[in-house]
Structure formats: structure tokens, C-alpha cells
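Asks: Handing you a structure now.
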Amino acid sequence: MGYTLRASQSGLQIVDAARRRLGWNKKAEIWCAKAFVCDTTLGRFWQGRSIQKENFINICRAVNINNYEIVASDNFLHIERSVVEGLACRSILAPGALLRIKGSKKMGKTELLNRLESYPEFSSYHKPRLAFRKMCRDTFSDSSMFLQWFCRTISEQIDIDPTQVDNSWNTVLGSNDNCDAYFRRIILPTVESPIILFLDDVDKILPHGRTASEFFKLLRGWYEDAKRLSAWQNLRFIMAYSTDAYINLDINHSPFNVGTCIDLPEFTYDEILELGRRYDLPLHASQAEQLITLLGGHPYLVNKAFDTLRSSQQSLDVSLTKFLAIAHTAEAPYSNYLRSLEDSLKKHPRSVELFKKVLASTRTVTIDRDQAFKLHSLGLLRWHGNQVEPRCQIYRLYFQERLR
């Protein structure tokens with residue numbers, strides 16, 4: 001089981017000073033040679049992005065920094081889930097592939113995208129990336145405007161002049177026809193190696209009915225084209241989103257029921273013990289069980305717990321006892337995260353009432369999946385067939401007080 005590291009801002013300053021003393025630029029060939037890495041990996045290092053631990057250490061040692069820990073950011077210790085990552089990598093290697101990564105907030109969707117982006121198997125691929133959560137809402141309002149933005153953004157990231165979008169867009173044609181023609185005539189013939197479109201937070205498009213319908217119909221069409229037309233097999237997709245429970249699309253025009261789907265799992269018991277060791281917090285079995293009872297295996301919650309415990313000046317036994325007692329309160333390191341979940345939930349009064357029903361029971365509760373889509377997308381539920389319970393104890397404790 002391996003893991004990745006990324007540099008903190010202060011760590012990058014330390015490395016920058018070291019490389020200037022050697023007279024190297026930030027992508028010096030001699031540096032790559034001494035560190036046994038390619039210039040792409042060195043570039044990712046300078047961007048503060050996750051890279052393999054071995055590469056990270058070699059980059060530091062090449063400029064005479066033997067204590068790599070002073071460079072690394074502690075917040076990005078990463079447990080490699082080889083089954084998940086192996087399936088993701090294998091699926092996207094297939095011509096015309098479509099990979100769907102599904103998981104609620106802070107389950108590790110973006111981190112998995114980062115790792116796939118850095119995989120050596122894809123080093124020669126074009127990897128344009130779009131994060132829809134950062135987009136202006138006005139761009140979603142018109143499907144033609146949205147698809148022109150889509151084409152321009154991808155063009156810029158693969159070194160194609162984006163003004164070609166304006167020159168090729170035909171107002172007589174529909175927006176999907178224009179986008180399809182742009183890819184077929186401009187993008188695909190220009191590049192020789194495969195293109196992987198990294199599409200993060202695609203569920204942000206869903207509330208924008210016509211734009212969502214047209215865009216997802218287009219993606220499904222390209223996926224189908226790749227089965228019979230070799231020209232489209234170089235185009236592959238990775239879509240990350242929170243839930244598909246409320247996606248109201250024609251099943252024949254939806255990309256959410258084809259390709260390979262990975263529903264991100266929680267950390268296992270063994271992975272939590274391993275993460276504790278990396279934080280220099282070796283847990284006893286009873287301590288691990290207490291932590292799992294409170295937090296489940298939620299990657300963000302578990303990492304935040306270890307980060308908090310490591311910063312304590314007290315013994316692990318004492319600090320863990322205190323942490324377990326206040327984790328759901330305003331004094332805890334989760335207060336902002338829990339408040340953001342509460343704010344999102346309260347925008348949907350029916351979901352609030354449904355969650356109250358779940359919280360009121362000490363057993364699992366039968367609820368309708370369609371009615372529970374918001375609770376599911378926020379990651380507040382654990383499913384057992386058609387029955388649910390709060391995903392972990394911290395959610396039960398926090399929301400029982402806040403929704404009283």
C-alpha cells in the first residue's frame with residue numbers, strides 16, 4: 001500500500017531556495033535525471049499537487065534536502081486504495097471509455113482525479129480538466145454559451161487556438177451539432193494521442209434543465225459513436241459527481257447508466273490503522289473502534305481527526321477521549337464542515353423532515369430513494385437495501401441537536 005505527498009507553500013519555498021543555490025531552473029533536465037522523474041511529475045510538484053511518495057523524496061534529495069517531511073503538506077497524506085484505482089485506470093485505457101466516479105462531499109473524488117491524472121500510463125495523453133463548481137451560473141443559463149465555453153476551455157488546455165470556436169460556430173445549427181462538429185473537425189484530427197476529459201462536479205449542471213439535457217445527451221452520443229467510429233475512440237471521459245439519484249434524463253440519452261461506475265468506499269478498519277501509523281498515532285483496537293463508531297470510515301472526517309489528535313500536547317488516550325466527547329459540538333474541528341451540511345440541508349424542508357424521521361429511530365428506517373436524494377447526495381445516510389440510518393454517529397449527535 002503506497003501513498004502520495006504534495007508540497008506545502010512553505011515547503012516549495014525551501015525547495016526553491018535549494019534549486020537556486022544549484023543554479024537550476026524549475027524543470028532542469030539534470031534535476032529530472034537525478035530524481036528519476038519526468039518533467040511532468042516535476043511540474044506537478046511545483047504546482048503543489050499530489051505525486052508518488054518515492055518521486056517526492058527523490059525530487060527533494062536531488063537538491064540536497066534529505067528531510068522531505070519539512071517540504072510535505074501533512075494535510076494530503078493519501079491512502080492508496082489499489083482496487084479502486086486499478087479499476088479506474090484499466091477502464092479509462094479502453095478506447096472510447098467512460099468512467100463515472102460517484103461519492104458524497106469530501107469522499108475523495110477530486111483526489112482520485114488527481115491521482116489518475118498523474119498515472120504514468122496516461123503520461124502521453126491530453127488531459128483537459130473542467131471543474132464545474134467554479135463556473136459562473138450565467139454560463140449554465142444558455143446551452144449554446146455553455147458548449148462554446150466547453151470547447152474553448154478544452155482547446156486552450158490542449159494548445160489549440162480557442163478563437164477557432166468562434167470561427168466555426170454556425171448559428172444555423174443547434175448547439176450540440178456545433179459542438180459535435182468542432183470536436184470532429186478541429187480537436188480530434190489535431191491530436192494524435194488520446195484525450196481524457198476530466199469532468200469534476202458534473203452534478204452542478206443538473207439544476208439547469210435544458211443545458212444539462214443537451215450536454216449529457218452529447219456525451220452519451222460520443223460514447224455510442226466510439227463503439228462504431230474509430231475517430232471517436234481517442235476521446236474518453238471521467239465524470240465525478242455526488243449522486244445520480246435525481247438525474248431525470250431519458251435512459252437512452254443519459255451517460256449515467258453506461259460505462260464503468262465507481263462508488264467511492266469508506267476507509268476500511270485496516271486502512272484507518274495504517275493512516276494512524278502515518279500520523280504517528282498507532283491506535284489500539286478499542287481506540288480504532290471508538291473512532292470508527294463516531295466517524296465511520298469517511299476519509300475527510302478520519303483525516304481531520306488524526307490531524308487534530310497529532311497536534312494535541314496530551315497523551316493519545318486523553319486527547320482521544322476529549323475529542324470523542326466534543327467532536328459534534330461548536331468547539332470541534334468539524335464545526336464549519338457540519339454547519340455547511342446543515343445549511344445545505346435546510347434549503348430543502350422536505351429532506352429535513354425526512355432526516356428527522358431517520359434520526360428519531362434507533363433502528364434502520366424504510367424510505368423512498370427518490371425522496372431521499374438530497375440526504376444521499378450530502379452523504380448523511382448509510383443504506384441497507386431500501387432501509388437507512390445516519391451514516392455515522394457524529395451526524396446523529398449533531399443533527400439531533402440542530403434539528404430539534
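Numbering starts fresh at 1 for the residues of each chain in the C-alpha cells, the chains themselves are lettered A, B, ... in the order given, and ligands are numbered from 1 as they appear.
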With only C-alpha atoms as the counted atoms, please give the residues lying no more than 9 Å from Val71 of chain A, apart from itself and same-chain residues fewer than 2 positions off, as an MDAnalysis selection string.
Replies: chainID A and resid 6:15 60 65 67:69 73
Asks: What does the file look like for those residues with all heavy atoms, as a compact mmCIF listing (two decimals), in the first residue's frame?
Replies:
# COMPACT_ATOMS: atom_id res chain seq x y z
N ARG A 6 2.20 15.92 -1.25
CA ARG A 6 2.35 17.13 -2.03
C ARG A 6 2.98 18.20 -1.17
O ARG A 6 2.90 18.15 0.07
CB ARG A 6 1.02 17.59 -2.61
CG ARG A 6 0.07 18.30 -1.72
CD ARG A 6 -1.19 18.62 -2.53
NE ARG A 6 -1.98 19.66 -1.94
CZ ARG A 6 -3.08 20.15 -2.50
NH1 ARG A 6 -3.49 19.67 -3.66
NH2 ARG A 6 -3.78 21.08 -1.91
N ALA A 7 3.63 19.15 -1.81
CA ALA A 7 4.40 20.15 -1.07
C ALA A 7 3.50 21.25 -0.52
O ALA A 7 2.53 21.66 -1.17
CB ALA A 7 5.45 20.76 -1.99
N SER A 8 3.83 21.72 0.66
CA SER A 8 3.16 22.90 1.21
C SER A 8 3.79 24.14 0.59
O SER A 8 4.84 24.07 -0.05
CB SER A 8 3.33 22.94 2.73
OG SER A 8 4.71 23.09 3.05
N GLN A 9 3.15 25.28 0.78
CA GLN A 9 3.70 26.53 0.23
C GLN A 9 5.04 26.85 0.85
O GLN A 9 5.98 27.27 0.17
CB GLN A 9 2.72 27.69 0.46
CG GLN A 9 1.50 27.65 -0.45
CD GLN A 9 1.88 27.68 -1.92
OE1 GLN A 9 2.65 28.53 -2.37
NE2 GLN A 9 1.35 26.73 -2.68
N SER A 10 5.17 26.64 2.16
CA SER A 10 6.46 26.89 2.82
C SER A 10 7.50 25.88 2.33
O SER A 10 8.68 26.22 2.18
CB SER A 10 6.31 26.82 4.34
OG SER A 10 5.83 25.53 4.73
N GLY A 11 7.05 24.64 2.07
CA GLY A 11 7.96 23.63 1.56
C GLY A 11 8.49 23.97 0.18
O GLY A 11 9.68 23.77 -0.12
N LEU A 12 7.63 24.52 -0.67
CA LEU A 12 8.07 24.93 -2.02
C LEU A 12 9.11 26.04 -1.94
O LEU A 12 10.03 26.10 -2.76
CB LEU A 12 6.86 25.38 -2.84
CG LEU A 12 5.90 24.27 -3.29
CD1 LEU A 12 4.69 24.87 -4.00
CD2 LEU A 12 6.61 23.28 -4.21
N GLN A 13 8.96 26.92 -0.97
CA GLN A 13 9.96 27.99 -0.79
C GLN A 13 11.32 27.41 -0.39
O GLN A 13 12.36 27.89 -0.85
CB GLN A 13 9.46 28.98 0.26
CG GLN A 13 8.23 29.78 -0.18
CD GLN A 13 7.67 30.64 0.93
OE1 GLN A 13 8.23 30.71 2.04
NE2 GLN A 13 6.55 31.29 0.67
N ILE A 14 11.30 26.37 0.43
CA ILE A 14 12.55 25.72 0.84
C ILE A 14 13.23 25.09 -0.36
O ILE A 14 14.44 25.23 -0.58
CB ILE A 14 12.27 24.65 1.92
CG1 ILE A 14 11.79 25.33 3.21
CG2 ILE A 14 13.51 23.81 2.19
CD1 ILE A 14 11.28 24.35 4.25
N VAL A 15 12.44 24.38 -1.19
CA VAL A 15 12.99 23.73 -2.38
C VAL A 15 13.47 24.77 -3.39
O VAL A 15 14.51 24.60 -4.04
CB VAL A 15 11.95 22.79 -3.01
CG1 VAL A 15 12.48 22.18 -4.29
CG2 VAL A 15 11.56 21.70 -2.03
N CYS A 60 13.30 15.99 -3.67
CA CYS A 60 13.92 16.73 -2.57
C CYS A 60 15.40 16.39 -2.43
O CYS A 60 16.26 17.27 -2.28
CB CYS A 60 13.18 16.44 -1.26
SG CYS A 60 11.48 17.05 -1.20
N ILE A 65 18.02 18.10 -0.10
CA ILE A 65 17.10 18.16 1.04
C ILE A 65 16.76 16.73 1.42
O ILE A 65 15.99 16.05 0.74
CB ILE A 65 15.81 18.94 0.67
CG1 ILE A 65 16.14 20.39 0.31
CG2 ILE A 65 14.82 18.91 1.84
CD1 ILE A 65 14.94 21.17 -0.20
N ASN A 67 15.52 15.74 4.46
CA ASN A 67 14.35 15.66 5.32
C ASN A 67 13.12 16.13 4.52
O ASN A 67 12.71 17.29 4.59
CB ASN A 67 14.55 16.53 6.56
CG ASN A 67 13.36 16.46 7.52
OD1 ASN A 67 12.48 15.62 7.35
ND2 ASN A 67 13.33 17.34 8.50
N TYR A 68 12.54 15.22 3.75
CA TYR A 68 11.43 15.59 2.87
C TYR A 68 10.20 16.04 3.66
O TYR A 68 9.32 16.75 3.14
CB TYR A 68 11.04 14.41 1.96
CG TYR A 68 10.35 13.27 2.67
CD1 TYR A 68 8.97 13.23 2.78
CD2 TYR A 68 11.08 12.23 3.25
CE1 TYR A 68 8.33 12.20 3.43
CE2 TYR A 68 10.45 11.19 3.90
CZ TYR A 68 9.08 11.17 3.99
OH TYR A 68 8.45 10.15 4.65
N GLU A 69 10.11 15.66 4.94
CA GLU A 69 8.92 15.99 5.73
C GLU A 69 8.77 17.48 5.96
O GLU A 69 7.66 17.97 6.17
CB GLU A 69 8.96 15.26 7.06
CG GLU A 69 8.80 13.74 6.91
CD GLU A 69 8.84 13.02 8.23
OE1 GLU A 69 9.29 13.62 9.22
OE2 GLU A 69 8.41 11.85 8.28
N SER A 73 3.18 18.65 2.73
CA SER A 73 1.99 19.13 3.41
C SER A 73 1.33 17.95 4.13
O SER A 73 0.98 16.96 3.51
CB SER A 73 1.00 19.74 2.41
OG SER A 73 -0.24 19.99 3.04
Asks: From segment 193-315 of chain A, collect each residue whose DSSP state is strand (DSSP E) and return the set as a list in words.
Replies: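 Residues of segment 193-315 of chain A classed as strand (DSSP E): Ile195, Ile196, Leu197, Phe198, Leu199, Asp200, Leu235, Arg236, Phe237, Ile238, Met239, Ala240, Tyr241, Thr260, Cys261, Ile262 and Asp263 of chain A.
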Asks: Check which residues of segment 83-148 of chain A sit at most 10 Å from segment 39-56 of chain A using only C-alpha atoms, and return one row each with the closest pair of atoms and their distance in Å to one decimal, ordered by chain and rising number, as a tab-separated table.
Replies:
residue	atom	partner	partner_atom	distance
A:Glu111	CA	A:Ser50	CA	8.4
A:Asn114	CA	A:Ser50	CA	7.0
A:Arg115	CA	A:Ser50	CA	7.1
A:Glu117	CA	A:Ser50	CA	10.0
A:Ser118	CA	A:Ile51	CA	7.1
A:Tyr119	CA	A:Ile51	CA	9.2
A:Pro120	CA	A:Thr41	CA	9.3
A:Ser123	CA	A:Thr40	CA	7.9
Asks: Keeping only C-alpha atoms, write the selected residues as a CSV table (one decimal), in the first residue's frame.
Replies:
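And here's selection-v2.csv as it stands now:
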chain,number,residue,atom,x,y,z
A,111,GLU,CA,-8.2,13.3,-5.0
A,114,ASN,CA,-5.6,14.0,-9.3
A,115,ARG,CA,-4.1,10.6,-9.0
A,117,GLU,CA,-4.2,12.5,-13.9
A,118,SER,CA,-0.6,11.7,-12.7
A,119,TYR,CA,-0.6,8.0,-13.6
A,120,PRO,CA,2.3,7.1,-15.9
A,123,SER,CA,1.7,10.4,-19.5
Asks: Quick one: everything within 12 Å of Asp270 of chain A, counting only C-alpha atoms, minus sequence neighbours fewer than 6 positions away in the same chain. Send it as a count of residues only.
Replies: 13
Asks: Work out how far apart atom CA of Ala360 of chain A and atom CA of Leu338 of chain A are and give it in Å to one decimal.
Replies: 19.1 Å
Asks: Please extract the residues of segment 57-171 of chain A with a backbone DSSP assignment of helix (DSSP H, G or I) and present them as JSON, numbers by chain.
Replies: {"A": [57, 58, 59, 60, 61, 62, 68, 69, 70, 74, 75, 76, 82, 83, 84, 85, 86, 87, 88, 89, 90, 91, 92, 93, 109, 110, 111, 112, 113, 114, 115, 116, 117, 118, 120, 121, 122, 132, 133, 134, 137, 138, 139, 140, 143, 144, 145, 146, 147, 148, 149, 150, 151, 152, 153, 154, 155, 156, 157, 163, 164, 165, 166, 167, 168]}
Asks: Could you build a table of the residues in segment 178-204 of chain A lying no more than 10 Å from segment 208-217 of chain A, giving for each the nearest pair of atoms and their separation in Å rounded to one decimal place, using only C-alpha atoms, ordered by chain and ascending residue number, as a tab-separated table?
Replies:
residue	atom	partner	partner_atom	distance
A:Cys179	CA	A:Phe215	CA	9.7
A:Val202	CA	A:Ala212	CA	9.3
A:Asp203	CA	A:Ala212	CA	9.1
A:Lys204	CA	A:His208	CA	8.4
Asks: So, with only C-alpha atoms as the atoms that count, which of A:Val191, A:Cys151, A:Ile262, A:Cys136 lies closest to Gly86 of chain A?
Replies: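 Between A:Val191, A:Cys151, A:Ile262, A:Cys136, the residue approaching Gly86 of chain A most closely is A:Ile262.
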